[in-house]
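Note sheet for the following structure.
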Amino acid sequence: MNMRLLIVSTLDSDQPFGAFTRPFYLGQYLAKHFDLCQMGLNCARVDYAKSVSVGSRSLLAYVRAVQKYITEFSPDIIYAQETLPGLAALIAVTLSRYKKCHLVFDFHTLSAFEYWTRLSSTTNKFQEFKQFIKTYIAQGILLFANCSVIAASAGTVQMIPQWYPTRSSKIYSVGNGVSEDLLQAPFVSTPDPYQHLRPAKIAVVIAPKTYQFPSNDMSVDMTIEVARHLQDEMQEIHFVVIGRNAEDLKSSLPANITFIGFLQSRSDFIAHLAHADICLLPFPETAVAGGARNKALDFLALKKLVISTPEGMRGLEEFRHQEHLIVTGYAVEEFAHTVQEASANLPKYQPLADTAYLLIQNQYSWQSMADQVADIFNNQVHKKI
């Protein structure tokens with residue numbers, strides 16, 4: 001009989017990106033190893049296992065939901081992703097005096113580091129500092145709960161002892177992956193959704209509005225500035241922002257940028273990436289773009305040339321400048337010049353995209369990541385036995 005696994009996260013089917021991605025796809029493949037139940041904010045898209053939607057980001061709501069499913073589901077392992085679900089799971093297990101299960105936390109990022117790094121550039125420093133203190137204490141509680149922790153990047157694992165006085169041997173690194181439909185997309189023929197913008201080369205940015213974190217807002221601002229810098233090259237390069245509407249913006253826009261909003265259809269989303277010529281990760285240094293990893297992996301899985309600032313690729317150190325992609329500086333002028341030069345010489349840079357695709361294919365499938373997580377779970381259970 002398979003062990004029972006309860007995944008607790010802020011998975012939100014109304015926003016199938018960012019914090020949705022890791023629990024959804026890991027859950028899909030972990031369901032092959034365990035009798036699984038997904039608990040999230042809105043689990044309507046979870047069609048591979050039983051699920052429960054909490055419907056609120058309230059800590060109390062999550063605690064009650066976890067308590068209820070401890071009684072009804074009797075999990076052997078509770079895998080809580082990010083800070084709110086982690087605290088809820090820890091409180092629920094403690095209050096329920098439920099000693100049968102193993103509690104494992106997952107840090108998508110080190111939140112305190114993100115808030116601290118942004119503090120100097122934010123307009124509301126007091127609010128940002130409050131968030132820094134809250135997340136520092138909250139993640140600290142999880143780290144000192146004597147439970148296993150899985151981090152979404154090796155960089156986060158390295159940062160934890162720099163921020164907290166811990167030398168725990170139970171901190172592991174398992175990154176994000178890419179879905180099979182993306183890996184197959186380069187070989188599937190679909191109509192070009194950018195036909196009306198040709199012959200311009202299409203440079204795509206993904207920047208949906210995300211809960212609480214302003215990283216995507218910063219990438220949109222930088223994209224607009226880059227587009228403005230290249231507006232005289234309108235016939236050669238056109239920028240497309242997926243996930244955002246132009247009506248959401250207060251500033252006037254140059255003519256060489258189009259906002260196409262959120263694409264509800266998965267196939268439509270993939271087609272818009274597959275027909276792009278260049279994919280961009282224009283994150284300023286202060287953006288602290290924890291979620292950029294998903295975008296980068298999606299772009300590279302589609303054999304696209306990626307141009308990124310260093311922040312856009314943080315946590316993906318295996319992918320190197322001029323070997324897998326182009327990494328440029330943070331200055332708008334430098335980023336714009338790099339986009340202009342690359343768009344005029346795409347065949348020259350195709351080997352970078354091909355090399356990155358092979359690395360993605362060999363090491364970054366969600367199946368591989370789920371197998372690593374399953375091994376961690378099994379090792380923890382056997383140690384306790």
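Chains: A, B, ... in order of the structure tokens. Residues: from 1 per chain. Ligands: from 1, in order shown.
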
request  = Excluding segment 42-59 of chain A and residues on its chain fewer than 6 positions from it, collect all residues at most 7 Å away from it, counting only C-alpha atoms, and give them as a count of residues only.
outcome  = 9

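Proximity to Gly27 of chain A at 10 Å, evaluated using only C-alpha atoms and with sequence-adjacent residues fewer than 5 positions away removed, yields Leu5, Leu6, Ile7, Thr21, Arg22, Lys32, His33, Phe34, Leu36, Cys37, Gln38, Val46, Tyr48, Ala49, Trp366 and Ala370 of chain A.
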
query = Mind checking DSSP for segment 102-330 of chain A and telling me the strand (DSSP E or B) residues as a ChimeraX atom specification?
reply = /A:102-107,148-151,171-173,178,201-206,237-242,257-259,278-281,305-308,321,325-327

Nearest residue to Ile224 of chain A from the set A:Phe259, A:Trp116, A:Tyr357, A:Phe269 (distances using only C-alpha atoms) = A:Phe259

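Once Ser120 of chain A and its same-chain neighbours fewer than 6 positions away are set aside, Glu114, Phe126, Glu128, Phe129, Glu285, Thr286 and Ala287 of chain A remain within 12 Å of it when counting only C-alpha atoms.
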
Ala185 of chain A surroundings by only C-alpha atoms, 7 Å radius, close-in-sequence under 3 positions cut, as a ChimeraX atom specification = /A:181-182,188,274,302

note = A straight line from atom CA of Glu236 of chain A to atom CA of Pro254 of chain A spans 14.4 Å

For Gln158 of chain A, work out the shell of residues within 10 Å, counting only C-alpha atoms and skipping chain neighbours fewer than 6 positions away, then give it as a tab-separated table (two decimals) with C-alpha atoms, in the first residue's frame.
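Full text of around35.tsv as output:
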chain	number	residue	atom	x	y	z
A	151	ALA	CA	14.66	24.44	-1.32
A	171	ILE	CA	18.14	20.79	4.02
A	173	SER	CA	17.92	21.26	-3.02

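Residue nearest Asn362 of chain A, chosen from A:Gly177, A:Pro347, A:Pro310, A:Pro165 and counting only C-alpha atoms: A:Gly177.
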